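Q: Have a look at this one.
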Amino acid sequence: MIIVTVNIDLYRYEIQALVKAFYPEEEVKVLPENEYPEAPFLAVQYENDAVTATVLPGTEQQFLRKADGTGKNPLTEKSKESKDVLKHLIYQTLVSFTGRELPWGELIGIRPTKIARKKREEGCSKEETKAYLQEAHFVSDRKALLAVEIAEREREILHATHGKDGFSLYIGIPFCPTTCLYCSFPSNALAAWKDRVDEYLDTLLSEMKQVAGSLQNTAPDTIYIGGGTPTTLTEGQLERLLTETEKCFSKANCLEFTVEAGRPDSITKEKLLVLKRHGVDRISINPQSMRADTLSRIGRGHSPEAIEEAFALAREAGFQSINMDIILGLPGEDVSDVRYTLEKIRTMQPDSLTVHTLAIKRGSRLDEQIREKGYENVFRAATEGGDPIEEMMEACLTICGKMEMVPYYLYRQKNLRGNHENIGFARQNCFGIYNSLIIEETQSILAFGAGSISKAVYPDGRIVRSEDPKDIETYLTHIEECIAKKRDLFQKL
């Protein structure tokens with residue numbers, strides 16, 4: 001365990017996230033110095049207009065704030081300036097101590113492309129935007145270039161939407177055939193809920209009807225049904241969900257209608273035809289890996305052959321925009337396994353590919369496994385001391401290029417292996433519009449279902465969120481509160 005102490009408790013989350021980025025295999029705690037009398041790994045001290053970070057046994061860096069003559073924004077009070085000072089200090093201290101730089105520098109937020117897009121909209125050139133990311137946030141040359149490239153594409157994608165004058169719709173189905181080893185989404189194994197799925201749908205549809213009935217605009221730009229695995233529902237349940245959705249919301253403005261059919265063991269020809277009949281034009285079939293032993297290890301419960309069969313069924317049903325997901329850094333996999341998966345996917349020729357870096361979430365079965373066996377006994381080491389995730393991402397860039405796909409959206413999460421990113425690749429005209437909307441936060445998202453998060457983007461730039469409970473039982477029993485919060489949120493737009 002790594003202990004960091006502070007004499008003034010201002011930015012505990014930022015400190016924890018940065019230290020964790022350098023030491024992903026360690027648990028990191030940030031404590032007030034009076035609660036930890038022993039010598040910590042890192043000590044952060046505020047004194048007058050200076051803040052000092054000291055790594056034992058003695059690497060020390062200090063930032064002295066220049067007097068601005070106004071006395072505003074001292075380092076000992078919360079402000080953007082004081083936060084930036086602290087993040088820069090801790091990052092540079094740990095770079096000096098470890099001799100290692102992080103690919104995304106001191107950025108710990110999930111939306112680095114949002115920074116690049118805003119700089120471009122302010123009038124900065126591509127070169128100036130790239131330089132800003134490198135100088136202000138210590139982002140590597142390659143990642144800064146990637147962020148600018150994706151920001152340019154996202155600006156074009158978002159231009160087709162109604163922006164703040166419109167909204168997009170998300171519907172959450174929190175059930176899966178099984179729960180994967182690494183899962184951090186609001187997903188529940190179907191076996192435990194199979195007798196209550198209709199009860200969940202009753203509640204979900206009631207929420208949708210009551211909120212939609214209070215809105216002036218009921219025509220979303222995009223519709224996204226995710227989870228969980230929506231195709232865990234039966235054919236009849238899918239029919240009911242889609243029929244009622246169409247009654248609540250018009251498809252007059254709909255640019256994209258996506259349903260995640262992520263698990264091949266949940267896909268049938270009949271279900272695909274239901275989706276097609278209701279105008280779904282984009283689906284996701286997610287292998288994560290094409291190695292049979294990996295699929296077994298992570299609890300997927302299906303074979304690589306089942307993925308190929310499900311993909312073929314979707315093509316036969318007429319789907320022209322099929323996404324596939326893979327995860328880099330899965331337990332027991334190295335670069336050769338990722339290349340194998342990519343080549344198998346290449347033979348299927350999907351229209352887009354979302355490449356996730358494994359996120360290790362506290363409380364997941366993967367987190368428990370790491371605690372029991374040790375980090376080094378779960379994951380394969382890098383070849384010749386290199387960065388395995390960087391090598392895996394290089395393979396993705398190469399093979400996606402061969403499939404005529406380009407990167408079009410990017411986001412990051414806490415506790416990603418190697419402090420890397422998740423990237424969406426797609427062929428021209430197959431970019432996922434909803435994906436860019438949710439990352440760039442240029443449009444309100446009206447979300448329904450357990451674990452869903454609605455997001456209102458107000459004309460003045462404020463973003464206000466409303467979350468439905470992740471726990472299904474809590475969602476079912478507190479639905480009236482969810483409805484009231486959503487009505488209030490969207491009637492103020």
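By convention in this document, the chains of the structure tokens carry letters A, B, ... by their order, each chain's residues are numbered from 1, and ligands are numbered from 1 in the order they are shown.
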Could you pull out all residues of range 201-281 of chain A with a DSSP call of strand (DSSP E) and give them as a PyMOL selection string?
A: chain A and resi 222-227+256-260
Q: Pick out each residue of range 335-415 of chain A that DSSP on the backbone tags as alpha helix (DSSP H); I need them as a PyMOL selection string.
A: chain A and resi 335-348+365-373+375-378+388-402
Q: Nearest to Lys130 in chain A among A:Ile108, A:Ile283, A:Ala116, A:Ile439, with distances taken over only C-alpha atoms: which residue is it?
A: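 Among A:Ile108, A:Ile283, A:Ala116, A:Ile439, it is A:Ala116 that comes nearest to Lys130 in chain A.
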Q: When you look at Phe257 in chain A with a cut-off of 8 Å (counting only C-alpha atoms), what residues show up, excluding the ones that are within fewer than 3 positions of it in the same chain? I need them as a list in words.
A: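 Everything that qualifies: Thr222, Ile223, Tyr224, Cys254, Gly279, Val280, Asp281 and Arg282 of chain A.
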Q: So which one's closest to Tyr434 in chain A, A:Glu154, A:Glu391, A:Asp195, A:Glu33? Using only C-alpha atoms, please.
A: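 Among the listed residues, A:Glu154 lies closest to Tyr434 in chain A.
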Q: Report as an NGL selection string all protein, DNA and RNA residues lying within 12 Å of Tyr13 in chain A, evaluated on only C-alpha atoms, omitting residues in the same chain fewer than 2 positions from it.
A: :A and (4 or 9-11 or 15-20 or 28-31 or 83 or 86-87 or 108-109 or 414)
Q: Just want the 9 Å neighbourhood of Ile322 in chain A, counted on only C-alpha atoms, with same-chain residues fewer than 2 positions away dropped. Output as a list in words.
A: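 Here the qualifying residues turn out to be Asp281, Arg282, Ile283, Ser284, Ile285, Phe311, Ala314, Arg315, Phe319, Gln320, Met324, Pro350, Asp351, Ser352, Leu353 and Cys430 of chain A.
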Q: Please produce a file of those selected residues containing N, CA and C atoms, as a compact mmCIF listing (two decimals), in the first residue's frame.
A:
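The resulting file, part-v2.txt, is reproduced below:
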```txt
# COMPACT_ATOMS: atom_id res chain seq x y z
N ASP A 281 -30.34 0.40 -36.68
CA ASP A 281 -29.41 0.36 -37.82
C ASP A 281 -27.96 0.14 -37.42
N ARG A 282 -27.72 0.00 -36.12
CA ARG A 282 -26.34 -0.23 -35.66
C ARG A 282 -26.38 -1.16 -34.45
N ILE A 283 -25.59 -2.22 -34.48
CA ILE A 283 -25.52 -3.13 -33.34
C ILE A 283 -24.06 -3.40 -33.00
N SER A 284 -23.85 -3.91 -31.79
CA SER A 284 -22.50 -4.22 -31.34
C SER A 284 -22.45 -5.68 -30.90
N ILE A 285 -21.54 -6.44 -31.49
CA ILE A 285 -21.30 -7.84 -31.11
C ILE A 285 -19.86 -7.90 -30.58
N PHE A 311 -22.14 -13.00 -35.77
CA PHE A 311 -21.81 -11.95 -36.73
C PHE A 311 -22.44 -12.27 -38.10
N ALA A 314 -26.12 -11.60 -38.12
CA ALA A 314 -26.43 -10.17 -38.20
C ALA A 314 -26.29 -9.65 -39.63
N ARG A 315 -25.27 -10.11 -40.34
CA ARG A 315 -25.13 -9.71 -41.74
C ARG A 315 -26.31 -10.24 -42.57
N PHE A 319 -27.88 -6.07 -41.32
CA PHE A 319 -27.21 -4.99 -40.60
C PHE A 319 -25.94 -4.59 -41.34
N GLN A 320 -25.86 -3.29 -41.66
CA GLN A 320 -24.73 -2.76 -42.41
C GLN A 320 -23.75 -1.98 -41.54
N MET A 324 -17.66 -4.13 -33.14
CA MET A 324 -17.14 -5.18 -32.27
C MET A 324 -16.24 -4.53 -31.22
N PRO A 350 -15.91 -6.22 -39.59
CA PRO A 350 -16.91 -5.34 -38.99
C PRO A 350 -16.76 -3.92 -39.51
N ASP A 351 -17.73 -3.08 -39.23
CA ASP A 351 -17.72 -1.71 -39.72
C ASP A 351 -17.06 -0.75 -38.74
N SER A 352 -16.97 -1.17 -37.49
CA SER A 352 -16.26 -0.38 -36.48
C SER A 352 -15.72 -1.32 -35.42
N LEU A 353 -14.70 -0.86 -34.71
CA LEU A 353 -14.07 -1.66 -33.66
C LEU A 353 -13.74 -0.74 -32.50
N CYS A 430 -19.49 5.20 -40.82
CA CYS A 430 -19.91 4.23 -39.81
C CYS A 430 -19.53 4.69 -38.40
```
Q: With only C-alpha atoms as the basis for distance, which of A:Lys194, A:Arg417, A:Arg465, A:Lys247 is at the shortest distance from Ala219 in chain A?
A: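 Using only C-alpha atoms, the shortest distance to Ala219 in chain A belongs to A:Lys247.
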Q: As an exercise, work out the distance from CA of Gly262 in chain A to CA of His302 in chain A in Å and give it to one decimal place.
A: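 Computing it gives 11.7 Å between the two atoms.
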Q: Extract, using only C-alpha atoms, all DNA, RNA and protein residues at most 9 Å from Met393 in chain A, discarding same-chain residues fewer than 5 positions from it, and format them as a list in words.
A: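 Counting only C-alpha atoms, the residues come to Leu328, Val355, Thr357, Pro388 and Thr398 of chain A.
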Q: With N, CA and C atoms kept, could you save the residues just selected as a PDB file, in the first residue's frame?
A:
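Saved as result16.pdb:
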```
ATOM      1  N   LEU A 328      -7.845  -4.823 -24.318  1.00  0.00           N
ATOM      2  CA  LEU A 328      -6.402  -5.022 -24.244  1.00  0.00           C
ATOM      3  C   LEU A 328      -5.983  -5.240 -22.793  1.00  0.00           C
ATOM      4  N   VAL A 355     -11.785  -0.401 -29.095  1.00  0.00           N
ATOM      5  CA  VAL A 355     -10.653  -1.023 -28.410  1.00  0.00           C
ATOM      6  C   VAL A 355     -10.565  -0.464 -26.992  1.00  0.00           C
ATOM      7  N   THR A 357      -8.930  -0.536 -23.131  1.00  0.00           N
ATOM      8  CA  THR A 357      -7.863  -0.981 -22.251  1.00  0.00           C
ATOM      9  C   THR A 357      -8.514  -1.457 -20.960  1.00  0.00           C
ATOM     10  N   PRO A 388       3.371  -3.335 -22.533  1.00  0.00           N
ATOM     11  CA  PRO A 388       2.560  -4.288 -23.300  1.00  0.00           C
ATOM     12  C   PRO A 388       1.317  -3.654 -23.900  1.00  0.00           C
ATOM     13  N   THR A 398      -2.397  -0.635 -36.557  1.00  0.00           N
ATOM     14  CA  THR A 398      -1.947  -1.229 -37.815  1.00  0.00           C
ATOM     15  C   THR A 398      -3.070  -2.006 -38.497  1.00  0.00           C
TER      16      THR A 398
END
```
Q: Tell me, counting only C-alpha atoms, for each residue of range 142-257 of chain A within 12 Å of range 422-427 of chain A, which pair of atoms is nearest and how far apart they are in Å to one decimal, in rows ordered by chain and increasing number, as JSON lines.
A:
```
{"residue": "A:Lys143", "atom": "CA", "partner": "A:Ile423", "partner_atom": "CA", "distance": 11.6}
{"residue": "A:Leu146", "atom": "CA", "partner": "A:Ile423", "partner_atom": "CA", "distance": 10.0}
{"residue": "A:Ala147", "atom": "CA", "partner": "A:Ile423", "partner_atom": "CA", "distance": 10.4}
{"residue": "A:Ile150", "atom": "CA", "partner": "A:Ile423", "partner_atom": "CA", "distance": 9.4}
{"residue": "A:Arg153", "atom": "CA", "partner": "A:Ala426", "partner_atom": "CA", "distance": 11.2}
{"residue": "A:Glu154", "atom": "CA", "partner": "A:Gly424", "partner_atom": "CA", "distance": 11.3}
```
Q: Take the residues just selected and output them with C-alpha atoms as a PDB file, in the first residue's frame.
A:
```pdb
ATOM      1  CA  LYS A 143      -1.084  10.924 -27.660  1.00  0.00           C
ATOM      2  CA  LEU A 146      -4.029  11.326 -31.581  1.00  0.00           C
ATOM      3  CA  ALA A 147      -6.220  13.633 -29.476  1.00  0.00           C
ATOM      4  CA  ILE A 150      -9.897  12.531 -33.109  1.00  0.00           C
ATOM      5  CA  ARG A 153     -13.324  14.022 -36.627  1.00  0.00           C
ATOM      6  CA  GLU A 154     -15.657  14.544 -33.703  1.00  0.00           C
TER       7      GLU A 154
END
```
Q: Restricting the calculation to only C-alpha atoms: of A:Thr229, A:Ser444, A:Ser303, A:Gln134, which residue gets closest to Pro103 in chain A?
A: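 For Pro103 in chain A, the nearest of the given residues is A:Gln134.
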Q: Please list as a PyMOL selection string every residue within 12 Å of Lys119 in chain A, counting only C-alpha atoms and excluding residues in the same chain fewer than 2 positions away.
A: chain A and resi 112-117+121-133+147-148+151-152+155
Q: Restricting the output to C-alpha atoms, write the selected residues as a CSV table (one decimal), in the first residue's frame.
A:
```csv
chain,number,residue,atom,x,y,z
A,112,PRO,CA,-8.8,14.5,-23.3
A,113,THR,CA,-10.3,15.0,-26.7
A,114,LYS,CA,-12.8,17.5,-25.2
A,115,ILE,CA,-9.8,19.7,-24.4
A,116,ALA,CA,-8.5,19.5,-27.9
A,117,ARG,CA,-11.9,20.2,-29.5
A,121,GLU,CA,-13.1,26.0,-31.4
A,122,GLU,CA,-11.2,28.9,-29.7
A,123,GLY,CA,-9.3,29.4,-32.9
A,124,CYS,CA,-6.1,27.5,-32.1
A,125,SER,CA,-4.5,25.6,-35.0
A,126,LYS,CA,-3.9,21.9,-34.9
A,127,GLU,CA,-0.2,22.5,-34.1
A,128,GLU,CA,-1.1,25.0,-31.3
A,129,THR,CA,-3.6,22.6,-29.9
A,130,LYS,CA,-1.1,19.7,-29.9
A,131,ALA,CA,1.6,22.0,-28.3
A,132,TYR,CA,-0.9,23.0,-25.6
A,133,LEU,CA,-1.6,19.4,-24.6
A,147,ALA,CA,-6.2,13.6,-29.5
A,148,VAL,CA,-6.1,16.4,-32.1
A,151,ALA,CA,-11.1,16.0,-32.1
A,152,GLU,CA,-11.2,17.0,-35.7
A,155,ARG,CA,-16.3,18.1,-34.7
```
